[in-house]
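Single-structure report; data block below.
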Amino acid sequence: MNHTIADAAVAASRAKITMQYRWGISEALFRRLLYFAGLVLVVLLMAIFFSLVISSVPALRQFGFRFLIGKTWDPVRGEFGAFAFLVGTLMSSFMALLISMVFSLPVSIFLGEYFRHGNASTFMKSVIELLAGIPSVIYGFWGLFLLVPLVRALEAKLGVAPQGVGIFTSSLVLAVMIIPYASSIGTEVINLVPSDLKEAALSLGATRFEVIRKVVLPYAYSGIFAGVLLALGRALGETMAVTMVIGNSNFLPTSIFSPGNTMASVIANEFTEATGSLYLASLIELALVLFIVTTIINILGKLIIRKMSTGK
Amino acid sequence: MKEGLKVVVFFSILLGLCSWSFGAEVELIGAGATFPYPLYSKMFDVYHKENGAKINYQAIGSGGGIRQLTNKTVDFGGSDAIMSDKDLQEAGAPVLHIPTCAGAVVVTYKLAGDPELKFAPDVIADIFLGKIKKWSDPRIASMNAGVKLPDTDITVVHRSDGSGTTAIFSSYLSKVSPEWKEKVGAGPSLNWPAGLGGKGNPGVAGLVQQTPGSFGYVELIYALQNKMPYGMIKNKKGNLVKPTIASTSLAANNALPDDMKVDLTDTDAPEGYPISGFTWILVYREQNYANKPEEKAKGLVNLLWWMTHEGQTYAEPLHYAPLSKAAVGKADKLIKSITYKGRPIMK
């Protein structure tokens with residue numbers, strides 16, 4: 001009897017030692033893996049940036065700053081200016097953001113404040129998640145066959161050229177596509193507002209609306225803004241859905257209804273058949289500009305978030 | 001450190017396993033034009049069953065095909081466009097253009113009743129230049145007596161993606177309209193003076209079919225498959241020609257140059273449809289490069305021969321225009337000129 005207990009104790013302590021030994025190894029390995037994963041991401045981003053710069057050298061050398069302000073994009077004559085596409089990208093993305101915010105903010109408040117639990121809430125959350133999972137080419141076709149005729153009818157009523165496709169239509173499609181990004185983060189953030197804050201406001205006699213306006217939204221602003229920023233990043237880079245409904249015309253857009261083009265859609269459209277090193281380099285420089293624009297917008301957004309959270 | 005090594009070893013074995021499964025068989029790799037892809041996949045499938053050779057063709061676009069051939073990462077390229085002098089210079093060694101089939105581009109439109117319209121070449125050019133703005137324009141009406149044309153604006157629709165279809169179409173417009181040649185020119189992507197762009201044939205077709213008064217262009221096979229209306233065009237000899245597979249083949253039934261680097265638009269062929277073009281397989285004349293074994297070079301030559309002869313029977317059921325007799329004769333000579341270490345592969 002004694003014997004077995006002693007045996008068991010020895011075995012247990014041995015097991016403990018091996019476990020410690022093993023655990024020690026996997027601890028180190030795990031940490032290394034984490035470092036590795038983090039480092040890979042940074043290296044990857046830098047590698048993308050530098051390869052874009054290197055590959056666009058012929059265009060950078062040929063056009064310099066003119067690339068950004070040039071209005072002509074003529075592959076036949078080898079003259080490349082990205083201004084019209086830059087404007088098209090920013091116009092369609094920011095308009096999409098405005099339209100989507102009209103929906104995403106109420107949805108966030110609805111799911112984060114009014115209907116946090118229950119079947120209706122779960123159902124609605126999964127519907128929104130599903131929106132994010134639909135492939136963009138499907139959004140493109142949906143836009144082309146459903147939205148375009150509607151927009152055309154609207155344009156006919158407003159008295160502008162009834163083309164149906166254009167920056168406005170692409171903003172509508174983009175808005176639907178980015179609602180899930182903005183609203184799901186918004187929901188989470190509103191969910192996180194401490195209930196004692198809300199209760200304090202309620203106990204002072206504030207109505208539900210006042211609580212949302214004066215307590216919840218100010219508290220959650222920076223988080224909501226972060227979600228909007230993520231959505232904007234998605235809108236800036238969206239390619240397939242946009243290219244199907246924006247009209248793909250290389251002119252500078254004159255109104256929100258005029259056809260235009262975005263940087264991402266030009267790249268997607270022309271890359272496969274681009275021959276000649278200058279043409280290819282110009283397309284890659286377009287990608288570089290898109291990369292930089294996205295980075296600038298992200299940094300600006302981060303600054304605004306920081307300012308808002310310290311201002312509280 | 002030891003663990004790090006283990007991870008490295010593990011991943012390299014994994015990588016090794018992944019790449020090991022390839023290359024065990026002799027196979028040919030090609031890449032390029034998307035236009036002939038349905039025909040090529042049919043041809044390569046039949047060829048694989050009959051001859052055992054495995055052919056892997058990636059439809060990445062003509063420009064990509066030329067780039068990959070120049071980088072010597074493929075055995076052959078596919079292209080709807082003739083390589084430019086600059087492309088040939090970058091290729092470093094002579095590249096042969098072997099035609100495999102012909103295709104046509106048609107003008108399509110959306111008007112009430114889907115009438116069959118007739119067009120003069122300069123009218124098409126001026127519509128795409130944005131100079132003819134209304135369907136009721138006398139220059140359209142004069143060729144289409146009996147068709148009631150509405151007083152609506154013409155919405156021009158073009159391809160937004162770079163494509164061989166646009167290259168053929170713009171090459172035609174450049175030949176029939178000096179103004180087009182000067183202002184726009186020819187190429188797979190253009191600085192369009194007017195209109196909207198749709199991505200791919202489906203994108204153009206989608207815009208044309210749902211915009212009343214639209215006017216665009218698509219490949220003949222696409223119009224046939226989707227039963228879209230298309231116009232007859234007056235060719236160089238003054239004959240009104242309806243685009244069909246037969247009239248496309250006929251466009252190439254005239255004097256052809258030996259190197260087959262020929263643009264079939266606006267040819268002298270009296271019965272030929274004027275907006276036609278070959279699609280080519282591009283190969284280096286000298287096959288001894290990048291450590292390519294002679295077996296592979298032989299396999300390539302046999303494949304090319306089969307495609308331009310037996311393989312031609314698969315063209316018409318898929319709405320492609322088979323090579324004319326004159327074209328096959330020229331292709332034979334080109335295939336026979338392919339060498340390995342300076343000696344012709346096929347005698």
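Identifiers in the structure tokens: chain A, B, ... in order shown; residue index from 1 per chain; ligand index from 1 in order shown.
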**Report entry** Proximal residues of chain A relative to chain B (only C-alpha atoms; 8 Å) as a ChimeraX atom specification
**Finding:** /A:29,72-76,144-145,149,163,243-244,247-250,259,266,268-276
Residues from the last selection, C-alpha atoms, saved as a PDB file, in the first residue's frame:
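And here is the file that came out, part.pdb:
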ATOM      1  CA  LEU A  29       8.114  28.545 -29.088  1.00  0.00           C
ATOM      2  CA  THR A  72      -5.629  62.541 -69.423  1.00  0.00           C
ATOM      3  CA  TRP A  73      -5.266  58.780 -69.287  1.00  0.00           C
ATOM      4  CA  ASP A  74      -4.349  57.696 -72.786  1.00  0.00           C
ATOM      5  CA  PRO A  75      -2.772  54.230 -73.060  1.00  0.00           C
ATOM      6  CA  VAL A  76      -2.388  54.565 -76.836  1.00  0.00           C
ATOM      7  CA  LEU A 144     -26.262  46.785 -62.539  1.00  0.00           C
ATOM      8  CA  PHE A 145     -29.613  45.075 -62.946  1.00  0.00           C
ATOM      9  CA  PRO A 149     -32.695  51.218 -63.817  1.00  0.00           C
ATOM     10  CA  GLN A 163     -27.434  56.915 -67.921  1.00  0.00           C
ATOM     11  CA  THR A 243     -16.401  48.943 -61.829  1.00  0.00           C
ATOM     12  CA  MET A 244     -19.689  47.397 -62.872  1.00  0.00           C
ATOM     13  CA  GLY A 247     -19.602  53.878 -65.936  1.00  0.00           C
ATOM     14  CA  ASN A 248     -15.819  53.625 -66.346  1.00  0.00           C
ATOM     15  CA  SER A 249     -15.339  56.901 -68.135  1.00  0.00           C
ATOM     16  CA  ASN A 250     -11.984  58.605 -67.875  1.00  0.00           C
ATOM     17  CA  PRO A 259     -19.919  58.509 -64.871  1.00  0.00           C
ATOM     18  CA  VAL A 266      -8.818  51.180 -63.543  1.00  0.00           C
ATOM     19  CA  ALA A 268      -8.529  45.853 -62.407  1.00  0.00           C
ATOM     20  CA  ASN A 269      -9.745  46.808 -65.859  1.00  0.00           C
ATOM     21  CA  GLU A 270      -6.490  47.499 -67.590  1.00  0.00           C
ATOM     22  CA  PHE A 271      -3.798  45.449 -65.867  1.00  0.00           C
ATOM     23  CA  THR A 272      -4.261  42.191 -67.761  1.00  0.00           C
ATOM     24  CA  GLU A 273      -3.846  43.734 -71.186  1.00  0.00           C
ATOM     25  CA  ALA A 274      -1.250  46.327 -70.320  1.00  0.00           C
ATOM     26  CA  THR A 275       1.858  45.997 -72.462  1.00  0.00           C
ATOM     27  CA  GLY A 276       4.805  48.336 -72.449  1.00  0.00           C
TER      28      GLY A 276
END
**Report entry** range 199-214 of chain A surroundings by only C-alpha atoms, 10 Å radius, close-in-sequence under 2 positions cut, as a VMD selection string
**Finding:** chain A and resid 109 113 to 114 190 194 to 197 216 to 219
Query raised in the report: Thr165 in chain B: which residues within 7 Å, counting only C-alpha atoms, same-chain residues fewer than 4 positions away excluded, as a list in words?
Result: Val105, Phe169 and Glu219 of chain B
Query raised in the report: Got a sec: who's within 12 Å of Ser93 in chain A, counting only C-alpha atoms, leaving out chain neighbours fewer than 4 positions off, as a PyMOL selection string?
Result: chain A and resi 85-89+97-100+167-178+228-239+242+246+256+261-264+293-294+297
Just C-alpha atoms for this one: save the residues we selected as an mmCIF file, in the first residue's frame.
data_model
loop_
_atom_site.group_PDB
_atom_site.id
_atom_site.type_symbol
_atom_site.label_atom_id
_atom_site.label_comp_id
_atom_site.auth_asym_id
_atom_site.auth_seq_id
_atom_site.Cartn_x
_atom_site.Cartn_y
_atom_site.Cartn_z
ATOM 1 C CA PHE A 85 -9.520 58.609 -60.856
ATOM 2 C CA LEU A 86 -8.344 60.154 -57.610
ATOM 3 C CA VAL A 87 -11.409 62.400 -57.584
ATOM 4 C CA GLY A 88 -13.661 59.488 -58.558
ATOM 5 C CA THR A 89 -12.278 57.323 -55.750
ATOM 6 C CA LEU A 97 -19.794 56.727 -46.221
ATOM 7 C CA LEU A 98 -22.375 59.478 -45.790
ATOM 8 C CA ILE A 99 -25.171 57.293 -47.120
ATOM 9 C CA SER A 100 -24.121 54.283 -45.067
ATOM 10 C CA ILE A 167 -20.657 57.810 -59.216
ATOM 11 C CA PHE A 168 -24.005 58.082 -57.418
ATOM 12 C CA THR A 169 -24.962 54.500 -58.257
ATOM 13 C CA SER A 170 -21.587 53.168 -57.201
ATOM 14 C CA SER A 171 -21.878 55.075 -53.906
ATOM 15 C CA LEU A 172 -25.225 53.400 -53.270
ATOM 16 C CA VAL A 173 -23.775 49.945 -53.861
ATOM 17 C CA LEU A 174 -20.711 50.763 -51.773
ATOM 18 C CA ALA A 175 -22.903 52.105 -48.966
ATOM 19 C CA VAL A 176 -24.760 48.816 -48.694
ATOM 20 C CA MET A 177 -21.480 46.925 -48.791
ATOM 21 C CA ILE A 178 -19.874 48.867 -45.944
ATOM 22 C CA VAL A 228 -16.506 54.189 -39.950
ATOM 23 C CA LEU A 229 -12.816 54.416 -40.770
ATOM 24 C CA LEU A 230 -12.623 50.686 -41.375
ATOM 25 C CA ALA A 231 -15.640 50.969 -43.638
ATOM 26 C CA LEU A 232 -14.019 53.833 -45.525
ATOM 27 C CA GLY A 233 -10.902 51.760 -46.103
ATOM 28 C CA ARG A 234 -13.076 49.049 -47.568
ATOM 29 C CA ALA A 235 -14.875 51.537 -49.820
ATOM 30 C CA LEU A 236 -11.640 53.060 -51.113
ATOM 31 C CA GLY A 237 -10.308 49.729 -52.264
ATOM 32 C CA GLU A 238 -13.490 48.107 -53.553
ATOM 33 C CA THR A 239 -13.056 47.121 -57.165
ATOM 34 C CA VAL A 242 -17.709 49.642 -58.379
ATOM 35 C CA ILE A 246 -19.588 53.505 -62.158
ATOM 36 C CA ILE A 256 -22.501 63.196 -58.532
ATOM 37 C CA ASN A 261 -13.743 55.797 -62.569
ATOM 38 C CA THR A 262 -11.811 54.818 -59.467
ATOM 39 C CA MET A 263 -8.162 53.887 -59.104
ATOM 40 C CA ALA A 264 -8.926 50.329 -58.070
ATOM 41 C CA VAL A 293 -4.289 57.751 -49.857
ATOM 42 C CA THR A 294 -5.563 54.892 -47.700
ATOM 43 C CA ILE A 297 -6.848 58.658 -44.329
#
Query raised in the report: In range 144-305 of chain B, what's strand (DSSP E or B) per DSSP? Answer as an NGL selection string?
Result: :B and (153 or 155-159 or 196-198 or 214-219 or 230 or 232-234 or 240-241 or 276-284 or 286)
Report task. To one decimal in Å, tell me the separation between CA of Gly78 in chain A and CA of Phe49 in chain A. Result -> 24.4 Å
Report task. Apply DSSP to the structure's backbone, then extract all residues of range 71-256 of chain A labelled alpha helix (DSSP H) and return them as a VMD selection string. Result -> chain A and resid 83 to 109 119 to 133 136 to 142 148 to 158 167 to 191 195 to 203 208 to 211 217 to 237 240 to 245
Query raised in the report: Counting only C-alpha atoms, what is within 10 Å of Ala220 in chain A, bar same-chain residues fewer than 4 positions away, as a list in words?
Result: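 Result of the neighbour search: Gly186, Thr187, Glu188, Val189, Ile190, Asn191, Leu192, Val193, Val215, Val216, Ile224, Phe225 and Ser309 of chain A.
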With C-alpha atoms retained, could you export that selection as a compact mmCIF listing (two decimals), in the first residue's frame?
# COMPACT_ATOMS: atom_id res chain seq x y z
CA GLY A 186 -20.61 50.55 -33.52
CA THR A 187 -22.84 47.95 -31.87
CA GLU A 188 -19.95 46.51 -29.89
CA VAL A 189 -18.81 49.92 -28.70
CA ILE A 190 -22.29 51.04 -27.67
CA ASN A 191 -22.66 47.74 -25.85
CA LEU A 192 -19.55 48.60 -23.85
CA VAL A 193 -20.90 51.86 -22.43
CA VAL A 215 -24.17 59.76 -22.59
CA VAL A 216 -23.94 56.81 -24.95
CA ILE A 224 -17.96 54.41 -33.78
CA PHE A 225 -15.53 56.56 -35.71
CA SER A 309 -10.75 60.32 -26.58
Query raised in the report: Got a sec: who's within 12 Å of Leu288 in chain A, counting only C-alpha atoms, leaving out chain neighbours fewer than 5 positions off, as a PyMOL selection string?
Result: chain A and resi 48-57+59-60+67-68+82+86+263-264+267+281-283+293-295
Using only N, CA and C atoms, please write the residues we just selected to a file, as a PDB file, in the first residue's frame.
ATOM      1  N   ILE A  48       5.274  45.348 -49.695  1.00  0.00           N
ATOM      2  CA  ILE A  48       4.287  45.792 -50.681  1.00  0.00           C
ATOM      3  C   ILE A  48       4.597  47.226 -51.092  1.00  0.00           C
ATOM      4  N   PHE A  49       4.837  48.060 -50.100  1.00  0.00           N
ATOM      5  CA  PHE A  49       5.107  49.464 -50.392  1.00  0.00           C
ATOM      6  C   PHE A  49       6.329  49.615 -51.292  1.00  0.00           C
ATOM      7  N   PHE A  50       7.437  48.947 -50.899  1.00  0.00           N
ATOM      8  CA  PHE A  50       8.659  49.138 -51.666  1.00  0.00           C
ATOM      9  C   PHE A  50       8.564  48.522 -53.052  1.00  0.00           C
ATOM     10  N   SER A  51       7.886  47.375 -53.166  1.00  0.00           N
ATOM     11  CA  SER A  51       7.784  46.804 -54.507  1.00  0.00           C
ATOM     12  C   SER A  51       6.908  47.682 -55.394  1.00  0.00           C
ATOM     13  N   LEU A  52       5.902  48.339 -54.800  1.00  0.00           N
ATOM     14  CA  LEU A  52       5.096  49.279 -55.589  1.00  0.00           C
ATOM     15  C   LEU A  52       5.962  50.446 -56.061  1.00  0.00           C
ATOM     16  N   VAL A  53       6.784  50.968 -55.141  1.00  0.00           N
ATOM     17  CA  VAL A  53       7.638  52.097 -55.508  1.00  0.00           C
ATOM     18  C   VAL A  53       8.607  51.689 -56.610  1.00  0.00           C
ATOM     19  N   ILE A  54       9.257  50.528 -56.411  1.00  0.00           N
ATOM     20  CA  ILE A  54      10.266  50.109 -57.381  1.00  0.00           C
ATOM     21  C   ILE A  54       9.637  49.877 -58.751  1.00  0.00           C
ATOM     22  N   SER A  55       8.476  49.197 -58.759  1.00  0.00           N
ATOM     23  CA  SER A  55       7.857  48.887 -60.051  1.00  0.00           C
ATOM     24  C   SER A  55       7.302  50.117 -60.741  1.00  0.00           C
ATOM     25  N   SER A  56       7.060  51.194 -59.985  1.00  0.00           N
ATOM     26  CA  SER A  56       6.491  52.364 -60.660  1.00  0.00           C
ATOM     27  C   SER A  56       7.546  53.403 -61.009  1.00  0.00           C
ATOM     28  N   VAL A  57       8.827  53.039 -60.840  1.00  0.00           N
ATOM     29  CA  VAL A  57       9.901  54.000 -61.125  1.00  0.00           C
ATOM     30  C   VAL A  57       9.816  54.616 -62.529  1.00  0.00           C
ATOM     31  N   ALA A  59       7.303  55.310 -64.370  1.00  0.00           N
ATOM     32  CA  ALA A  59       6.237  56.318 -64.408  1.00  0.00           C
ATOM     33  C   ALA A  59       6.584  57.507 -63.518  1.00  0.00           C
ATOM     34  N   LEU A  60       7.171  57.224 -62.349  1.00  0.00           N
ATOM     35  CA  LEU A  60       7.560  58.306 -61.443  1.00  0.00           C
ATOM     36  C   LEU A  60       8.546  59.229 -62.137  1.00  0.00           C
ATOM     37  N   PHE A  67       1.664  63.276 -62.593  1.00  0.00           N
ATOM     38  CA  PHE A  67       0.825  62.084 -62.546  1.00  0.00           C
ATOM     39  C   PHE A  67      -0.421  62.330 -61.707  1.00  0.00           C
ATOM     40  N   LEU A  68      -0.244  63.074 -60.624  1.00  0.00           N
ATOM     41  CA  LEU A  68      -1.359  63.299 -59.708  1.00  0.00           C
ATOM     42  C   LEU A  68      -2.353  64.329 -60.231  1.00  0.00           C
ATOM     43  N   ALA A  82      -3.589  60.738 -63.163  1.00  0.00           N
ATOM     44  CA  ALA A  82      -4.527  60.004 -62.315  1.00  0.00           C
ATOM     45  C   ALA A  82      -5.586  60.883 -61.667  1.00  0.00           C
ATOM     46  N   LEU A  86      -8.491  59.779 -59.015  1.00  0.00           N
ATOM     47  CA  LEU A  86      -8.344  60.154 -57.610  1.00  0.00           C
ATOM     48  C   LEU A  86      -9.639  60.805 -57.119  1.00  0.00           C
ATOM     49  N   MET A 263      -9.507  54.422 -58.886  1.00  0.00           N
ATOM     50  CA  MET A 263      -8.162  53.887 -59.104  1.00  0.00           C
ATOM     51  C   MET A 263      -8.180  52.365 -59.128  1.00  0.00           C
ATOM     52  N   ALA A 264      -8.891  51.794 -58.150  1.00  0.00           N
ATOM     53  CA  ALA A 264      -8.926  50.329 -58.070  1.00  0.00           C
ATOM     54  C   ALA A 264      -9.559  49.739 -59.321  1.00  0.00           C
ATOM     55  N   ILE A 267      -7.187  49.841 -62.359  1.00  0.00           N
ATOM     56  CA  ILE A 267      -6.159  48.797 -62.265  1.00  0.00           C
ATOM     57  C   ILE A 267      -6.755  47.451 -62.675  1.00  0.00           C
ATOM     58  N   ALA A 281       3.957  50.515 -65.457  1.00  0.00           N
ATOM     59  CA  ALA A 281       4.454  51.282 -64.314  1.00  0.00           C
ATOM     60  C   ALA A 281       3.426  52.305 -63.861  1.00  0.00           C
ATOM     61  N   SER A 282       2.684  52.888 -64.810  1.00  0.00           N
ATOM     62  CA  SER A 282       1.672  53.874 -64.447  1.00  0.00           C
ATOM     63  C   SER A 282       0.535  53.224 -63.663  1.00  0.00           C
ATOM     64  N   LEU A 283       0.152  52.016 -64.076  1.00  0.00           N
ATOM     65  CA  LEU A 283      -0.898  51.303 -63.341  1.00  0.00           C
ATOM     66  C   LEU A 283      -0.430  50.988 -61.927  1.00  0.00           C
ATOM     67  N   VAL A 293      -3.042  57.087 -50.244  1.00  0.00           N
ATOM     68  CA  VAL A 293      -4.289  57.751 -49.857  1.00  0.00           C
ATOM     69  C   VAL A 293      -4.934  57.014 -48.682  1.00  0.00           C
ATOM     70  N   THR A 294      -4.972  55.676 -48.778  1.00  0.00           N
ATOM     71  CA  THR A 294      -5.563  54.892 -47.700  1.00  0.00           C
ATOM     72  C   THR A 294      -4.798  55.100 -46.400  1.00  0.00           C
ATOM     73  N   THR A 295      -3.450  55.111 -46.512  1.00  0.00           N
ATOM     74  CA  THR A 295      -2.632  55.315 -45.322  1.00  0.00           C
ATOM     75  C   THR A 295      -2.894  56.681 -44.695  1.00  0.00           C
TER      76      THR A 295
END
Requested in this report: Measure the distance from CA of Ile69 in chain A to CA of Gly81 in chain A in Å and round it to one decimal.
Outcome: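 If I compute the distance from CA of Ile69 in chain A to CA of Gly81 in chain A, I get 6.4 Å.
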